[in-house]
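A.B. asks: Quick one, query-v1.cif (mmCIF, C-alpha atoms and all ligand atoms):
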```cif
data_protein
#
loop_
_atom_site.group_PDB
_atom_site.id
_atom_site.type_symbol
_atom_site.label_atom_id
_atom_site.label_comp_id
_atom_site.auth_asym_id
_atom_site.auth_seq_id
_atom_site.Cartn_x
_atom_site.Cartn_y
_atom_site.Cartn_z
ATOM 1 C CA MET A 1167 84.845 90.068 99.657
ATOM 2 C CA GLU A 1168 82.359 92.880 99.122
ATOM 3 C CA SER A 1169 80.662 92.737 95.742
ATOM 4 C CA ILE A 1170 79.414 95.364 93.327
ATOM 5 C CA GLN A 1171 76.656 92.838 92.876
ATOM 6 C CA ALA A 1172 75.231 93.959 96.208
ATOM 7 C CA ILE A 1173 74.204 97.314 94.834
ATOM 8 C CA ILE A 1174 72.751 95.814 91.715
ATOM 9 C CA ASP A 1175 70.701 93.574 93.985
ATOM 10 C CA GLN A 1176 69.532 96.673 95.805
ATOM 11 C CA ILE A 1177 68.478 98.239 92.518
ATOM 12 C CA ASN A 1178 66.619 95.110 91.563
ATOM 13 C CA GLN A 1179 65.078 94.702 95.002
ATOM 14 C CA ILE A 1180 62.795 97.613 94.263
ATOM 15 C CA LYS A 1181 61.162 95.339 91.745
ATOM 16 C CA LYS A 1182 61.036 92.247 93.975
ATOM 17 C CA LYS A 1183 58.052 89.918 93.627
ATOM 18 C CA PRO A 1184 55.781 89.545 96.677
ATOM 19 C CA LEU A 1185 56.124 86.042 98.180
ATOM 20 C CA ASN A 1186 52.413 85.149 98.255
ATOM 21 C CA LYS A 1187 51.384 86.292 94.850
ATOM 22 C CA ASN A 1188 47.892 85.067 93.955
ATOM 23 C CA ILE A 1189 46.017 85.026 90.682
ATOM 24 C CA GLN A 1190 44.281 88.346 91.325
ATOM 25 C CA ASP A 1191 47.531 89.990 92.211
ATOM 26 C CA THR A 1192 48.530 92.088 89.239
ATOM 27 C CA SER A 1193 51.851 93.317 90.613
ATOM 28 C CA TYR A 1194 54.912 92.499 88.574
ATOM 29 C CA ASN A 1195 58.622 92.488 89.186
ATOM 30 C CA CYS A 1196 58.744 95.170 86.558
ATOM 31 C CA GLU A 1197 55.712 97.378 86.146
ATOM 32 C CA ILE A 1198 57.135 98.929 82.990
ATOM 33 C CA CYS A 1199 57.164 95.781 80.856
ATOM 34 C CA LYS A 1200 54.894 93.610 83.038
ATOM 35 C CA ASP A 1201 57.778 91.117 83.167
ATOM 36 C CA THR A 1202 57.794 90.601 79.410
ATOM 37 C CA GLY A 1203 61.204 92.229 79.069
ATOM 38 C CA ALA A 1204 60.037 94.285 76.115
ATOM 39 C CA THR A 1205 58.530 97.725 75.619
ATOM 40 C CA ASP A 1206 57.410 99.565 72.482
ATOM 41 C CA GLN A 1207 60.834 101.217 72.506
ATOM 42 C CA GLY A 1208 62.642 97.851 72.608
ATOM 43 C CA LEU A 1209 64.385 96.064 75.455
ATOM 44 C CA CYS A 1210 63.061 97.108 78.882
ATOM 45 C CA SER A 1211 65.374 98.752 81.405
ATOM 46 C CA CYS A 1212 64.794 95.828 83.818
ATOM 47 C CA VAL A 1213 66.436 93.461 81.322
ATOM 48 C CA LYS A 1214 69.266 95.902 80.780
ATOM 49 C CA ASN A 1215 69.771 96.177 84.550
ATOM 50 C CA LYS A 1216 69.869 92.405 84.837
ATOM 51 C CA GLN A 1217 72.450 92.204 82.065
ATOM 52 C CA ILE A 1218 74.518 94.888 83.751
ATOM 53 C CA SER A 1219 74.319 93.093 87.081
ATOM 54 C CA ASN A 1220 75.496 89.849 85.494
ATOM 55 C CA LYS A 1221 78.410 91.551 83.828
ATOM 56 C CA ILE A 1222 79.408 93.527 86.897
ATOM 57 C CA LYS A 1223 79.413 90.313 88.895
ATOM 58 C CA SER A 1224 82.513 89.325 86.964
ATOM 59 C CA ALA A 1225 84.220 92.620 87.813
ATOM 60 C CA GLU A 1226 85.685 90.804 90.802
ATOM 61 C CA VAL A 1227 88.833 88.692 90.553
ATOM 62 C CA PRO A 1228 88.315 86.738 87.336
ATOM 63 C CA ASP A 1229 88.081 82.937 87.631
ATOM 64 C CA ARG A 1230 91.369 82.609 85.782
ATOM 65 C CA PHE A 1231 93.147 84.326 88.682
ATOM 66 C CA LYS A 1232 91.171 82.859 91.577
ATOM 67 C CA ASN A 1233 94.102 80.682 92.684
ATOM 68 C CA SER A 1234 96.889 83.172 91.992
ATOM 69 C CA ARG A 1235 99.403 83.629 94.794
ATOM 70 C CA LEU A 1236 102.786 85.403 94.624
ATOM 71 C CA LYS A 1237 104.615 82.329 95.829
ATOM 72 C CA GLY A 1238 103.823 80.356 92.687
ATOM 73 C CA LEU A 1239 104.907 82.996 90.191
ATOM 74 C CA GLU A 1240 107.818 82.441 87.850
ATOM 75 C CA ILE A 1241 110.276 85.304 87.378
ATOM 76 C CA LYS A 1242 111.262 85.762 83.747
ATOM 77 C CA ASP A 1243 112.576 89.326 83.789
ATOM 78 C CA PRO A 1244 114.138 91.595 86.432
ATOM 79 C CA SER A 1245 111.191 93.950 85.991
ATOM 80 C CA HIS A 1246 108.862 91.144 87.076
ATOM 81 C CA LYS A 1247 110.949 90.554 90.199
ATOM 82 C CA ASN A 1248 110.618 94.255 91.021
ATOM 83 C CA ALA A 1249 106.837 94.060 90.634
ATOM 84 C CA TYR A 1250 106.603 90.937 92.809
ATOM 85 C CA ASP A 1251 108.798 92.582 95.467
ATOM 86 C CA ASN A 1252 106.571 95.663 95.497
ATOM 87 C CA ALA A 1253 103.492 93.463 95.775
ATOM 88 C CA LYS A 1254 105.090 91.472 98.594
ATOM 89 C CA VAL A 1255 106.003 94.623 100.500
ATOM 90 C CA MET A 1256 102.447 95.853 100.105
ATOM 91 C CA ILE A 1257 101.061 92.575 101.450
ATOM 92 C CA LEU A 1258 103.484 92.461 104.387
ATOM 93 C CA ASN A 1259 102.816 96.101 105.299
ATOM 94 C CA ILE A 1260 99.210 96.352 104.275
ATOM 95 C CA ASP A 1261 98.059 98.151 107.405
ATOM 96 C CA LYS A 1262 100.567 100.916 106.800
ATOM 97 C CA PHE A 1263 99.613 101.112 103.125
ATOM 98 C CA ILE A 1264 95.942 101.402 104.044
ATOM 99 C CA LYS A 1265 96.591 103.935 106.790
ATOM 100 C CA ASN A 1266 98.694 106.136 104.508
ATOM 101 C CA ASN A 1267 96.515 105.680 101.422
ATOM 102 C CA TRP A 1268 99.512 104.207 99.582
ATOM 103 C CA GLY A 1269 99.105 101.938 96.586
ATOM 104 C CA LEU A 1270 100.822 100.447 93.541
ATOM 105 C CA PHE A 1271 100.703 101.428 89.885
ATOM 106 C CA ILE A 1272 101.875 98.591 87.628
ATOM 107 C CA TYR A 1273 102.152 99.163 83.887
ATOM 108 C CA GLY A 1274 103.615 97.592 80.802
ATOM 109 C CA PRO A 1275 102.802 95.853 77.525
ATOM 110 C CA PRO A 1276 100.218 93.057 77.322
ATOM 111 C CA SER A 1277 100.787 89.550 78.693
ATOM 112 C CA GLN A 1278 103.432 90.429 81.310
ATOM 113 C CA GLY A 1279 101.405 89.198 84.283
ATOM 114 C CA LYS A 1280 100.227 92.571 85.583
ATOM 115 C CA THR A 1281 96.712 91.378 86.369
ATOM 116 C CA GLU A 1282 98.232 88.186 87.763
ATOM 117 C CA VAL A 1283 100.241 90.165 90.351
ATOM 118 C CA GLN A 1284 97.254 92.366 91.120
ATOM 119 C CA SER A 1285 95.094 89.285 91.671
ATOM 120 C CA CYS A 1286 97.723 87.775 93.991
ATOM 121 C CA VAL A 1287 97.553 90.863 96.205
ATOM 122 C CA VAL A 1288 93.754 90.811 96.339
ATOM 123 C CA ASN A 1289 93.623 87.041 96.917
ATOM 124 C CA GLU A 1290 96.300 87.015 99.603
ATOM 125 C CA LEU A 1291 94.712 89.867 101.511
ATOM 126 C CA CYS A 1292 91.011 89.392 100.903
ATOM 127 C CA ILE A 1293 90.674 85.620 100.589
ATOM 128 C CA ASP A 1294 93.554 84.323 102.714
ATOM 129 C CA LYS A 1295 93.041 87.192 105.183
ATOM 130 C CA ASP A 1296 89.989 89.233 106.050
ATOM 131 C CA TYR A 1297 90.638 92.552 104.342
ATOM 132 C CA LYS A 1298 87.761 93.900 102.339
ATOM 133 C CA GLY A 1299 88.629 94.330 98.716
ATOM 134 C CA ILE A 1300 87.234 94.484 95.258
ATOM 135 C CA MET A 1301 88.611 94.175 91.764
ATOM 136 C CA VAL A 1302 87.109 96.369 89.100
ATOM 137 C CA ASN A 1303 87.582 95.735 85.398
ATOM 138 C CA VAL A 1304 87.719 99.347 84.233
ATOM 139 C CA LYS A 1305 86.814 98.721 80.607
ATOM 140 C CA ARG A 1306 83.846 96.550 81.473
ATOM 141 C CA LEU A 1307 82.614 99.024 84.046
ATOM 142 C CA MET A 1308 82.779 101.877 81.540
ATOM 143 C CA GLY A 1309 80.848 99.797 79.030
ATOM 144 C CA ASP A 1310 78.260 98.769 81.587
ATOM 145 C CA LEU A 1311 77.742 102.308 82.786
ATOM 146 C CA LYS A 1312 77.218 103.555 79.249
ATOM 147 C CA ASP A 1313 74.045 101.483 79.157
ATOM 148 C CA ALA A 1314 73.144 102.101 82.775
ATOM 149 C CA VAL A 1315 70.250 104.059 84.106
ATOM 150 C CA GLY A 1316 72.242 107.173 84.927
ATOM 151 C CA LYS A 1317 74.187 108.972 87.612
ATOM 152 C CA GLY A 1318 72.273 107.140 90.359
ATOM 153 C CA THR A 1319 73.713 103.788 89.311
ATOM 154 C CA LEU A 1320 77.234 105.210 89.107
ATOM 155 C CA ASN A 1321 76.914 106.653 92.604
ATOM 156 C CA LYS A 1322 75.660 103.348 93.992
ATOM 157 C CA ILE A 1323 78.511 101.464 92.356
ATOM 158 C CA LEU A 1324 81.007 103.996 93.716
ATOM 159 C CA ASP A 1325 79.485 103.667 97.184
ATOM 160 C CA THR A 1326 79.926 99.901 97.004
ATOM 161 C CA ILE A 1327 83.506 100.263 95.849
ATOM 162 C CA LYS A 1328 84.168 102.754 98.641
ATOM 163 C CA LYS A 1329 83.044 100.248 101.264
ATOM 164 C CA ASN A 1330 86.267 98.360 100.548
ATOM 165 C CA GLU A 1331 89.682 99.158 101.929
ATOM 166 C CA ILE A 1332 91.545 97.525 99.036
ATOM 167 C CA ILE A 1333 90.508 98.524 95.555
ATOM 168 C CA ALA A 1334 92.067 96.978 92.478
ATOM 169 C CA LEU A 1335 91.513 98.829 89.215
ATOM 170 C CA ASN A 1336 92.271 96.289 86.525
ATOM 171 C CA ASP A 1337 93.575 97.951 83.366
ATOM 172 C CA ILE A 1338 92.978 101.653 83.706
ATOM 173 C CA THR A 1339 93.884 101.824 79.994
ATOM 174 C CA GLY A 1340 90.335 100.652 79.383
ATOM 175 C CA GLY A 1341 91.215 98.892 76.134
ATOM 176 C CA LYS A 1342 92.477 102.097 74.494
ATOM 177 C CA ARG A 1343 95.504 102.248 72.189
ATOM 178 C CA PRO A 1344 97.928 105.174 72.567
ATOM 179 C CA GLN A 1345 96.268 107.094 69.740
ATOM 180 C CA ASP A 1346 92.753 106.617 71.179
ATOM 181 C CA GLU A 1347 91.010 109.212 73.299
ATOM 182 C CA PHE A 1348 88.586 108.743 76.179
ATOM 183 C CA SER A 1349 85.187 110.345 75.903
ATOM 184 C CA PRO A 1350 84.357 112.955 78.569
ATOM 185 C CA PHE A 1351 81.960 110.362 80.028
ATOM 186 C CA GLU A 1352 84.701 107.714 80.285
ATOM 187 C CA ARG A 1353 87.158 110.219 81.742
ATOM 188 C CA GLY A 1354 84.532 111.196 84.274
ATOM 189 C CA ILE A 1355 84.091 107.603 85.393
ATOM 190 C CA ILE A 1356 87.819 107.048 85.836
ATOM 191 C CA TYR A 1357 88.152 110.316 87.726
ATOM 192 C CA GLU A 1358 85.322 109.248 90.044
ATOM 193 C CA LEU A 1359 86.901 105.813 90.544
ATOM 194 C CA VAL A 1360 90.312 107.226 91.417
ATOM 195 C CA ASP A 1361 88.821 109.932 93.584
ATOM 196 C CA ALA A 1362 86.756 107.314 95.426
ATOM 197 C CA VAL A 1363 89.978 105.598 96.519
ATOM 198 C CA TYR A 1364 91.791 108.852 97.279
ATOM 199 C CA GLU A 1365 90.931 108.702 100.954
ATOM 200 C CA LYS A 1366 92.591 107.687 104.206
ATOM 201 C CA GLU A 1367 92.003 104.045 105.212
ATOM 202 C CA LYS A 1368 92.082 102.864 101.610
ATOM 203 C CA THR A 1369 94.661 101.435 99.296
ATOM 204 C CA LEU A 1370 94.610 100.753 95.616
ATOM 205 C CA ILE A 1371 96.465 98.723 93.085
ATOM 206 C CA ILE A 1372 96.203 99.852 89.496
ATOM 207 C CA THR A 1373 97.294 98.041 86.356
ATOM 208 C CA GLY A 1374 97.522 99.583 82.907
ATOM 209 C CA LYS A 1375 99.484 99.553 79.666
ATOM 210 C CA TYR A 1376 101.111 102.978 79.789
ATOM 211 C CA ASN A 1377 102.994 105.283 82.138
ATOM 212 C CA TYR A 1378 102.092 108.481 83.971
ATOM 213 C CA ASP A 1379 102.635 110.665 80.875
ATOM 214 C CA TRP A 1380 99.823 108.751 79.237
ATOM 215 C CA VAL A 1381 97.685 109.125 82.363
ATOM 216 C CA GLU A 1382 98.234 112.863 82.333
ATOM 217 C CA ASP A 1383 97.616 113.185 78.608
ATOM 218 C CA LYS A 1384 94.492 111.013 78.433
ATOM 219 C CA LEU A 1385 92.958 111.309 81.875
ATOM 220 C CA GLY A 1386 94.167 114.679 83.108
ATOM 221 C CA THR A 1387 96.546 116.113 85.675
ATOM 222 C CA ASP A 1388 93.983 115.778 88.455
ATOM 223 C CA VAL A 1389 93.852 111.992 87.986
ATOM 224 C CA LYS A 1390 97.640 111.697 87.522
ATOM 225 C CA ASP A 1391 98.443 113.724 90.634
ATOM 226 C CA ARG A 1392 96.101 111.683 92.805
ATOM 227 C CA ILE A 1393 97.647 108.452 91.534
ATOM 228 C CA ILE A 1394 101.187 109.754 92.083
ATOM 229 C CA GLN A 1395 100.429 110.752 95.659
ATOM 230 C CA MET A 1396 99.073 107.272 96.344
ATOM 231 C CA CYS A 1397 101.342 105.097 94.209
ATOM 232 C CA GLY A 1398 104.593 107.050 94.151
ATOM 233 C CA ILE A 1399 106.419 108.925 91.448
ATOM 234 C CA GLU A 1400 107.987 105.816 89.870
ATOM 235 C CA PRO A 1401 105.351 103.543 88.362
ATOM 236 C CA ILE A 1402 106.268 99.839 88.344
ATOM 237 C CA LEU A 1403 107.078 98.605 84.851
ATOM 238 C CA MET A 1404 106.620 94.941 83.860
ATOM 239 C CA LYS A 1405 108.172 94.034 80.539
ATOM 240 C CA GLY A 1406 110.340 91.535 78.719
ATOM 241 C CA HIS A 1407 108.394 88.277 78.763
ATOM 242 C CA ASN A 1408 105.139 87.400 77.038
ATOM 243 C CA PHE A 1409 103.369 84.796 79.195
ATOM 244 C CA ARG A 1410 100.456 84.355 76.785
ATOM 245 C CA GLU A 1411 102.881 83.499 74.000
ATOM 246 C CA GLU A 1412 104.691 81.090 76.327
ATOM 247 C CA HIS A 1413 101.434 79.338 77.198
ATOM 248 C CA GLY A 1414 100.488 79.249 73.503
ATOM 249 C CA LYS A 1415 103.790 77.558 72.677
ATOM 250 C CA LYS A 1416 103.233 74.972 75.426
ATOM 251 C CA ARG A 1417 99.804 74.310 73.980
ATOM 252 C CA ASP A 1418 101.262 73.841 70.499
ATOM 253 C CA ALA A 1419 103.839 71.348 71.770
ATOM 254 C CA GLU A 1420 101.154 69.241 73.456
ATOM 255 C CA VAL A 1421 98.795 69.301 70.509
ATOM 256 C CA LYS A 1422 101.677 68.355 68.223
ATOM 257 C CA LYS A 1423 102.300 65.256 70.366
ATOM 258 C CA MET A 1424 98.596 64.365 70.197
ATOM 259 C CA ILE A 1425 98.672 64.649 66.411
ATOM 260 C CA GLN A 1426 101.745 62.432 66.240
ATOM 261 C CA LYS A 1427 99.916 59.813 68.307
ATOM 262 C CA ILE A 1428 97.045 59.514 65.824
ATOM 263 C CA SER A 1429 99.071 59.640 62.637
HETATM 264 N N1 LIG B 1 104.536 84.532 86.532
HETATM 265 C C1 LIG B 1 103.707 83.851 85.749
HETATM 266 N N2 LIG B 1 103.909 82.534 85.549
HETATM 267 C C2 LIG B 1 103.098 81.833 84.746
HETATM 268 N N3 LIG B 1 102.030 82.367 84.088
HETATM 269 C C3 LIG B 1 101.787 83.676 84.257
HETATM 270 C C4 LIG B 1 102.600 84.488 85.098
HETATM 271 N N4 LIG B 1 102.119 85.753 85.070
HETATM 272 C C5 LIG B 1 101.065 85.705 84.250
HETATM 273 N N5 LIG B 1 100.849 84.489 83.775
HETATM 274 C C6 LIG B 1 99.763 84.101 82.873
HETATM 275 O O1 LIG B 1 99.916 84.826 81.668
HETATM 276 C C7 LIG B 1 98.659 85.294 81.187
HETATM 277 C C8 LIG B 1 98.695 86.809 81.064
HETATM 278 O O2 LIG B 1 98.827 87.387 82.356
HETATM 279 P P1 LIG B 1 98.068 88.731 82.738
HETATM 280 O O3 LIG B 1 96.651 88.671 82.275
HETATM 281 O O4 LIG B 1 98.305 88.979 84.165
HETATM 282 O O5 LIG B 1 98.873 89.773 81.830
HETATM 283 P P2 LIG B 1 98.706 91.351 81.751
HETATM 284 O O6 LIG B 1 100.087 91.920 81.820
HETATM 285 O O7 LIG B 1 97.716 91.812 82.745
HETATM 286 O O8 LIG B 1 98.163 91.529 80.265
HETATM 287 P P3 LIG B 1 97.167 92.638 79.687
HETATM 288 O O9 LIG B 1 97.959 93.916 79.627
HETATM 289 O O10 LIG B 1 96.815 92.134 78.329
HETATM 290 O O11 LIG B 1 96.002 92.740 80.607
HETATM 291 C C9 LIG B 1 97.630 84.784 82.170
HETATM 292 O O12 LIG B 1 97.073 83.584 81.691
HETATM 293 C C10 LIG B 1 98.429 84.520 83.427
HETATM 294 O O13 LIG B 1 97.846 83.528 84.227
HETATM 295 MG MG MG B 2 95.812 92.666 82.593
HETATM 296 ZN ZN ZN B 3 60.861 95.532 82.557
#
```
Could you write out this structure as structure tokens?
Ligand SMILES: Nc1ncnc2c1ncn2[C@@H]1O[C@H](COP(=O)(O)OP(=O)(O)OP(=O)(O)O)[C@@H](O)[C@H]1O
Ligand SMILES: [Mg+2]
Ligand SMILES: [Zn+2]
C.D. replies:
Amino acid sequence: MESIQAIIDQINQIKKKPLNKNIQDTSYNCEICKDTGATDQGLCSCVKNKQISNKIKSAEVPDRFKNSRLKGLEIKDPSHKNAYDNAKVMILNIDKFIKNNWGLFIYGPPSQGKTEVQSCVVNELCIDKDYKGIMVNVKRLMGDLKDAVGKGTLNKILDTIKKNEIIALNDITGGKRPQDEFSPFERGIIYELVDAVYEKEKTLIITGKYNYDWVEDKLGTDVKDRIIQMCGIEPILMKGHNFREEHGKKRDAEVKKMIQKIS
């Protein structure tokens, strides 16, 4: 799977150490801070870039979902079955989806398994098969870019994303509650992300908390219309069963048994 990390590596390559550095050689990985990581103004940009690169590394399928496959998923609500069916159809007809620039938009309250389904699609196509895909954690990317070195970094990240044919935008809600607004900067990033996928020979799978009305209200008609053209006019709702709560209850039952054993 293609990685955003690749572009961060490119950024950092500019500062690469020569292999045969000798004592007289005064070149540094970073000429700004002479590899100390600090400047008079505080943390050097090379350290910030490194931090960004480490964080962006995890913008791919999170470890938690590395083994997710549709086959193993429990169905606890009819809405979940509908989401799994849509995901299955996408997997079975992926070439057509890619050719037509079709995708999926899955939304609903927390803990329904939206990211789980999204991860299944990416894993089944990009790990089990050879499609090129990437999963982007939208909130993390927005946070990383806030600290990033500017438009150049955004463009490089977008270029890397665009090299993929399957793009998964994990939680387009970006951690916002319904009453929260996006800053113009954040809106700009999401517009660029969606527009980067809005091309023939690409497909996308978006997860989020809210429906298209929210998308229109918070992100604009231009973003909503692009998503609708790609993902259809009926977004896929997942609701009705809280998997995190279920797992928490299972945890409680086991710990309770352990406590009984020692008392
Ligand atoms: N069908 C399932 N069977 C068992 N566990 C599941 C299933 N779907 C999801 N889970 C587990 O439930 C937890 C929450 O799932 P997930 O992160 O996909 O929810 P989400 O709807 O994306 O939530 P959020 O909106 O907060 O991002 C995860 O630990 C996931 O592995
Ligand atoms: Mg999620
Ligand atoms: Zn530096």
A.B. asks: My list of candidates is A:Arg1306, A:Lys1216, A:Lys1390, A:Lys1312. Which is closest to A:Cys1196 when distances are computed with all atoms listed in the file?
C.D. replies: A:Lys1216
A.B. asks: Residues at most 7 Å from ligand LIG 1 (chain B), using only C-alpha atoms and all ligand atoms? Could they come as a ChimeraX atom specification?
C.D. replies: /A:1230-1231,1239-1241,1274-1283,1337,1374-1375,1409-1410
A.B. asks: Using only C-alpha atoms, list the residues that have an atom at most 6 Å from (99.9, 105.6, 92.7), coordinates as in the file, as a PDB file with C-alpha atoms, in the frame of the given file.
C.D. replies:
```pdb
ATOM      1  CA  GLY A1269      99.105 101.938  96.586  1.00  0.00           C
ATOM      2  CA  LEU A1270     100.822 100.447  93.541  1.00  0.00           C
ATOM      3  CA  PHE A1271     100.703 101.428  89.885  1.00  0.00           C
ATOM      4  CA  ILE A1393      97.647 108.452  91.534  1.00  0.00           C
ATOM      5  CA  ILE A1394     101.187 109.754  92.083  1.00  0.00           C
ATOM      6  CA  GLN A1395     100.429 110.752  95.659  1.00  0.00           C
ATOM      7  CA  MET A1396      99.073 107.272  96.344  1.00  0.00           C
ATOM      8  CA  CYS A1397     101.342 105.097  94.209  1.00  0.00           C
ATOM      9  CA  GLY A1398     104.593 107.050  94.151  1.00  0.00           C
TER      10      GLY A1398
END
```
A.B. asks: Spell out the residues picked by the PyMOL selection byres (((not hetatm)) within 6 of (chain B and resi 3)) here, as a PyMOL selection string.
C.D. replies: chain A and resi 1196+1198-1199+1201+1203+1210-1212
A.B. asks: Got a sec: who's within 10 Å of A:Tyr1376, counting all atoms listed in the file, leaving out chain neighbours fewer than 6 positions off, as a PyMOL selection string?
C.D. replies: chain A and resi 1272-1275+1337-1339+1343-1344+1401+1403
A.B. asks: With distances taken over only C-alpha atoms, which residue among A:Ile1402, A:Ile1264, A:Ala1419, A:Gln1426 lies nearest A:Tyr1378?
C.D. replies: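 Looking only at the distances to A:Tyr1378, the closest residue turns out to be A:Ile1402.
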A.B. asks: Would you work out the distance separating atom CA of A:Ala1334 from atom CA of A:His1246, expressed in Å to one decimal?
C.D. replies: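 For atom CA of A:Ala1334 relative to atom CA of A:His1246, the distance reads 18.6 Å.
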A.B. asks: Return as a ChimeraX atom specification the set of residues that the PyMOL selection byres (((chain A and resi 1302) around 7) and not hetatm) yields on the displayed structure.
C.D. replies: /A:1225-1226,1300-1301,1303-1304,1334-1336
A.B. asks: Kindly indicate which residue among A:Gln1284, A:Asn1266, A:Thr1369, A:Asn1233 lies nearest to ligand MG 2 (chain B), using only C-alpha atoms and all ligand atoms for the distances.
C.D. replies: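 Among A:Gln1284, A:Asn1266, A:Thr1369, A:Asn1233, it is A:Gln1284 that comes nearest to ligand MG 2 (chain B).
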A.B. asks: If you apply the PyMOL selection byres (((chain A and resi 1350-1364) around 6) and not hetatm) to this file, what residues do you get, as an MDAnalysis selection string?
C.D. replies: chainID A and resid 1348:1349 1365 1385 1389
A.B. asks: Find the distance between atom CA of A:Ile1332 and atom CA of A:Leu1370 and write it in Å to one decimal.
C.D. replies: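 Separation of atom CA of A:Ile1332 and atom CA of A:Leu1370: 5.6 Å.
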A.B. asks: Given only C-alpha atoms as the basis, pick out the residue of A:Ser1245, A:Ser1234, A:Asn1267, A:Thr1319 nearest to A:Asn1289.
C.D. replies: A:Ser1234
A.B. asks: What does the distance between atom CA of A:Glu1331 and atom CA of A:Lys1298 come to in Å, to one decimal place?
C.D. replies: 5.6 Å
A.B. asks: Have a look at A:Gly1340, A:Gly1309, A:Gly1238, A:Pro1244 and name the one nearest to ligand MG 2 (chain B); count all atoms listed in the file.
C.D. replies: A:Gly1340
A.B. asks: From the list A:Ala1204, A:Leu1209, A:Val1227, A:Cys1292, which residue is nearest ligand MG 2 (chain B) when using only C-alpha atoms and all ligand atoms?
C.D. replies: A:Val1227
A.B. asks: May I have the centre and edge lengths, in Å to one decimal, of an axis-aligned box around the listed atoms of stretch 1346-1349 of chain A with 5 Å added to every side, as AutoDock Vina command-line options?
C.D. replies:
```
--center_x 89.0 --center_y 108.5 --center_z 73.7 --size_x 17.6 --size_y 13.7 --size_z 15.0
```
